[in-house]
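Shown here: final.txt, compact mmCIF, C-alpha atoms.
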# COMPACT_ATOMS: atom_id res chain seq x y z
CA ALA A 23 103.10 -86.98 -46.06
CA LEU A 24 100.60 -89.62 -44.92
CA VAL A 25 101.89 -92.63 -46.87
CA HIS A 26 104.11 -93.89 -44.05
CA LYS A 27 101.54 -93.14 -41.31
CA PRO A 28 103.65 -90.65 -39.36
CA PRO A 29 103.16 -90.46 -35.60
CA VAL A 30 103.36 -86.64 -35.80
CA LEU A 31 102.20 -84.37 -38.61
CA LEU A 32 102.79 -80.59 -38.79
CA LEU A 33 100.32 -78.64 -40.93
CA ASP A 34 100.53 -74.92 -41.67
CA GLU A 35 97.25 -73.44 -42.94
CA PRO A 36 96.25 -76.74 -44.59
CA VAL A 37 93.02 -75.43 -46.15
CA SER A 38 93.91 -71.78 -46.83
CA ALA A 39 93.78 -71.83 -50.65
CA LEU A 40 91.06 -74.44 -51.17
CA ASP A 41 87.51 -74.10 -52.43
CA PRO A 42 84.67 -75.17 -50.07
CA LEU A 43 84.65 -78.80 -51.27
CA GLY A 44 88.43 -79.09 -51.01
CA ARG A 45 88.34 -77.56 -47.52
CA LYS A 46 85.70 -80.06 -46.45
CA GLU A 47 87.69 -83.02 -47.80
CA VAL A 48 90.98 -81.94 -46.18
CA LEU A 49 89.32 -81.24 -42.82
CA GLU A 50 87.65 -84.66 -42.94
CA LEU A 51 91.04 -86.21 -43.73
CA ILE A 52 92.57 -84.43 -40.72
CA GLU A 53 89.68 -85.56 -38.52
CA GLY A 54 90.25 -89.13 -39.72
CA LEU A 55 93.80 -89.07 -38.35
CA ARG A 56 92.46 -88.84 -34.79
CA GLY A 57 93.88 -91.73 -32.77
CA SER A 58 96.60 -92.66 -35.27
CA SER A 59 98.68 -89.47 -35.61
CA THR A 60 99.27 -86.39 -33.54
CA VAL A 61 98.49 -83.41 -35.76
CA PHE A 62 99.75 -79.90 -35.07
CA MET A 63 97.80 -77.48 -37.21
CA SER A 64 98.37 -73.73 -37.40
CA THR A 65 95.52 -71.63 -38.73
CA HIS A 66 93.72 -68.38 -38.17
CA ILE A 67 90.38 -69.93 -39.17
CA LEU A 68 88.98 -70.70 -35.74
CA ALA A 69 85.90 -72.50 -37.06
CA ASP A 70 88.28 -75.11 -38.54
CA VAL A 71 89.98 -75.45 -35.16
CA GLU A 72 86.61 -75.97 -33.46
CA ARG A 73 85.76 -78.63 -36.02
CA VAL A 74 88.89 -80.80 -35.92
CA CYS A 75 91.02 -80.05 -32.86
CA ASP A 76 90.82 -81.69 -29.45
CA THR A 77 93.40 -79.45 -27.80
CA VAL A 78 93.97 -75.80 -28.69
CA GLY A 79 96.86 -73.45 -28.12
CA ILE A 80 96.51 -69.70 -28.64
CA LEU A 81 99.64 -67.81 -29.62
CA ALA A 82 100.18 -64.05 -29.78
CA LYS A 83 103.45 -62.31 -30.58
CA GLY A 84 105.34 -65.58 -30.21
CA ARG A 85 103.95 -66.34 -26.75
CA LEU A 86 101.67 -69.21 -25.80
CA LEU A 87 98.78 -67.50 -24.00
CA ALA A 88 96.67 -70.58 -23.34
CA GLU A 89 96.58 -74.29 -24.07
CA ALA A 90 93.87 -76.73 -23.05
CA PRO A 91 91.27 -79.10 -24.43
CA ARG A 92 88.93 -77.09 -26.69
CA ASP A 93 85.83 -77.29 -24.47
CA GLU A 94 87.82 -76.49 -21.32
CA LEU A 95 89.36 -73.43 -22.99
CA VAL A 96 85.94 -72.15 -24.04
CA ALA A 97 84.48 -72.80 -20.58
CA ARG A 98 87.41 -71.07 -18.87
CA TYR A 99 87.70 -67.91 -20.98
CA ALA A 100 84.47 -67.28 -22.87
CA VAL A 101 82.04 -64.77 -21.45
CA PRO A 102 78.37 -65.78 -21.24
CA ALA A 103 76.35 -63.66 -23.66
CA PHE A 104 72.86 -63.18 -25.01
CA GLU A 105 71.79 -61.73 -28.35
CA LEU A 106 68.48 -60.06 -29.03
CA GLN A 107 67.31 -58.90 -32.43
CA ALA A 108 64.52 -56.36 -32.68
CA ASP A 109 62.04 -55.91 -35.51
CA ALA A 110 63.06 -53.56 -38.30
CA GLY A 111 62.46 -49.95 -37.34
CA MET A 112 63.13 -50.52 -33.64
CA GLU A 113 66.88 -49.84 -33.76
CA SER A 114 66.73 -46.61 -31.74
CA ALA A 115 64.45 -48.20 -29.10
CA LEU A 116 66.84 -51.16 -28.89
CA ALA A 117 69.84 -48.83 -28.47
CA ALA A 118 68.09 -46.88 -25.70
CA TRP A 119 67.10 -50.10 -23.92
CA ALA A 120 70.66 -51.41 -24.23
CA ASP A 121 72.07 -48.20 -22.72
CA GLY A 122 69.91 -48.78 -19.64
CA LEU A 123 71.27 -52.31 -19.22
CA ARG A 124 74.81 -51.03 -18.68
CA ALA A 125 73.93 -49.89 -15.16
CA LEU A 126 72.82 -53.37 -14.04
CA SER A 127 75.25 -55.29 -11.83
CA TRP A 128 74.81 -58.57 -13.72
CA VAL A 129 75.67 -56.97 -17.10
CA ASP A 130 79.34 -56.70 -18.06
CA ASP A 131 79.09 -55.24 -21.55
CA VAL A 132 76.48 -54.28 -24.12
CA ARG A 133 77.09 -53.81 -27.84
CA VAL A 134 74.47 -52.80 -30.37
CA ASP A 135 74.91 -53.23 -34.10
CA GLY A 136 71.84 -52.05 -35.96
CA GLY A 137 68.94 -54.15 -34.75
CA VAL A 138 71.04 -56.66 -32.77
CA ALA A 139 72.14 -56.25 -29.16
CA ARG A 140 74.78 -58.50 -27.60
CA ILE A 141 74.82 -58.53 -23.82
CA ASP A 142 77.76 -60.05 -21.94
CA VAL A 143 76.72 -61.08 -18.43
CA ASN A 144 78.35 -62.25 -15.23
CA ASP A 145 75.24 -64.00 -13.87
CA VAL A 146 73.53 -66.22 -16.43
CA ASP A 147 70.65 -67.19 -14.14
CA VAL A 148 69.68 -63.58 -13.46
CA ALA A 149 70.03 -62.72 -17.15
CA LYS A 150 67.74 -65.61 -18.12
CA GLN A 151 65.11 -64.30 -15.72
CA ARG A 152 65.40 -60.57 -16.42
CA LEU A 153 66.34 -59.91 -20.06
CA LEU A 154 63.04 -60.82 -21.71
CA PRO A 155 60.85 -59.02 -19.15
CA LEU A 156 63.04 -55.92 -19.46
CA ALA A 157 62.75 -56.04 -23.26
CA ALA A 158 58.96 -56.42 -23.02
CA GLU A 159 58.73 -53.52 -20.55
CA ALA A 160 60.60 -51.35 -23.06
CA GLY A 161 58.08 -52.29 -25.76
CA LEU A 162 60.62 -54.09 -27.92
CA VAL A 163 59.32 -56.54 -30.50
CA LEU A 164 61.94 -59.26 -30.87
CA THR A 165 62.58 -61.53 -33.82
CA ARG A 166 65.36 -63.43 -32.04
CA TYR A 167 66.48 -64.08 -28.48
CA GLU A 168 69.25 -66.54 -27.72
CA MET A 169 71.96 -67.42 -25.30
CA VAL A 170 75.04 -67.34 -27.49
CA ARG A 171 77.20 -70.43 -27.55
CA PRO A 172 80.72 -69.21 -26.76
CA SER A 173 83.25 -69.86 -29.50
CA LEU A 174 87.01 -70.01 -29.84
CA GLU A 175 86.77 -66.60 -31.50
CA ASP A 176 85.33 -65.21 -28.25
CA VAL A 177 88.21 -66.80 -26.32
CA PHE A 178 90.79 -65.49 -28.78
CA VAL A 179 89.42 -61.94 -28.62
CA ARG A 180 89.39 -62.04 -24.83
CA LEU A 181 92.97 -63.33 -24.60
CA VAL A 182 94.57 -61.37 -27.41
CA GLY A 183 92.33 -58.29 -27.34
CA GLU A 184 90.54 -56.40 -30.07
CA GLY A 185 93.68 -54.41 -30.83
CA GLY A 186 95.90 -57.49 -30.93
CA GLU A 187 97.99 -56.41 -27.96
CA GLY A 188 97.82 -59.63 -25.95
CA ARG A 189 96.89 -59.64 -22.29
Entire entry expressed as structure tokens:
Amino acid sequence: ALVHKPPVLLLDEPVSALDPLGRKEVLELIEGLRGSSTVFMSTHILADVERVCDTVGILAKGRLLAEAPRDELVARYAVPAFELQADAGMESALAAWADGLRALSWVDDVRVDGGVARIDVNDVDVAKQRLLPLAAEAGLVLTRYEMVRPSLEDVFVRLVGEGGEGR
């Protein structure tokens, strides 16, 4: 397909059946086409999209929900979030602490999975100032605290929904 240097190339799941080395090689080949061919690539592997695509379109049930440069799409739709991981054995204390966060005006959502809490916020500056002190006040011993870099997966989930209904 590349022998005649096509101006447009359509790829459907180009790395779906490849081993890790084959995936790497094909994705590098696609990246190398930047500037010489326009590549339309369909895939459900959003990490591949983040790696090679400049512009992203999100489809659900045959409808185009969003289309924009990758970074713009993430900035527009991703929700700022923080993740905290507590020491082993502190899962119940973490869950209780997380329940208390739900009442705060700058917190949109809190999810706890074992020893990890993910907190979606609507005011990053306040969250940066308050999360660690609140965790310390609760007596939590943390092994990890980070502001999560939003991903295309976050954008996809927000636009399409957990149940796949589309919004």
TODO: Excluding segment 29-36 of chain A and residues on its chain fewer than 3 positions from it, collect all residues at most 6 Å away from it, counting only C-alpha atoms, and give them as an MDAnalysis selection string.
DONE: chainID A and resid 59:65
Find, counting all atoms listed in the file, the residue in A:Cys75, A:Val129, A:Val143, A:Leu51 that gets nearest to Ala103 of chain A.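 Checking each of A:Cys75, A:Val129, A:Val143, A:Leu51 against Ala103 of chain A, counting all atoms listed in the file, the winner is A:Val143.
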| Neighbour list for Lys46 of chain A as JSON, numbers by chain, cut-off 12 Å, all atoms listed in the file, skip fewer than 4 positions in-chain | {"A": [36, 37, 38, 40, 41, 42, 50, 51, 52, 53, 70, 73, 74]}
For atom CA of Tyr167 of chain A and atom CA of Gln107 of chain A, determine how far apart the two atoms are, in Å to one decimal place.
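A separation of 6.6 Å between them.
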How far is it from atom CA of Gln151 of chain A to atom CA of Ser127 of chain A, in Å with one decimal?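 Interatomic distance here is 14.1 Å.
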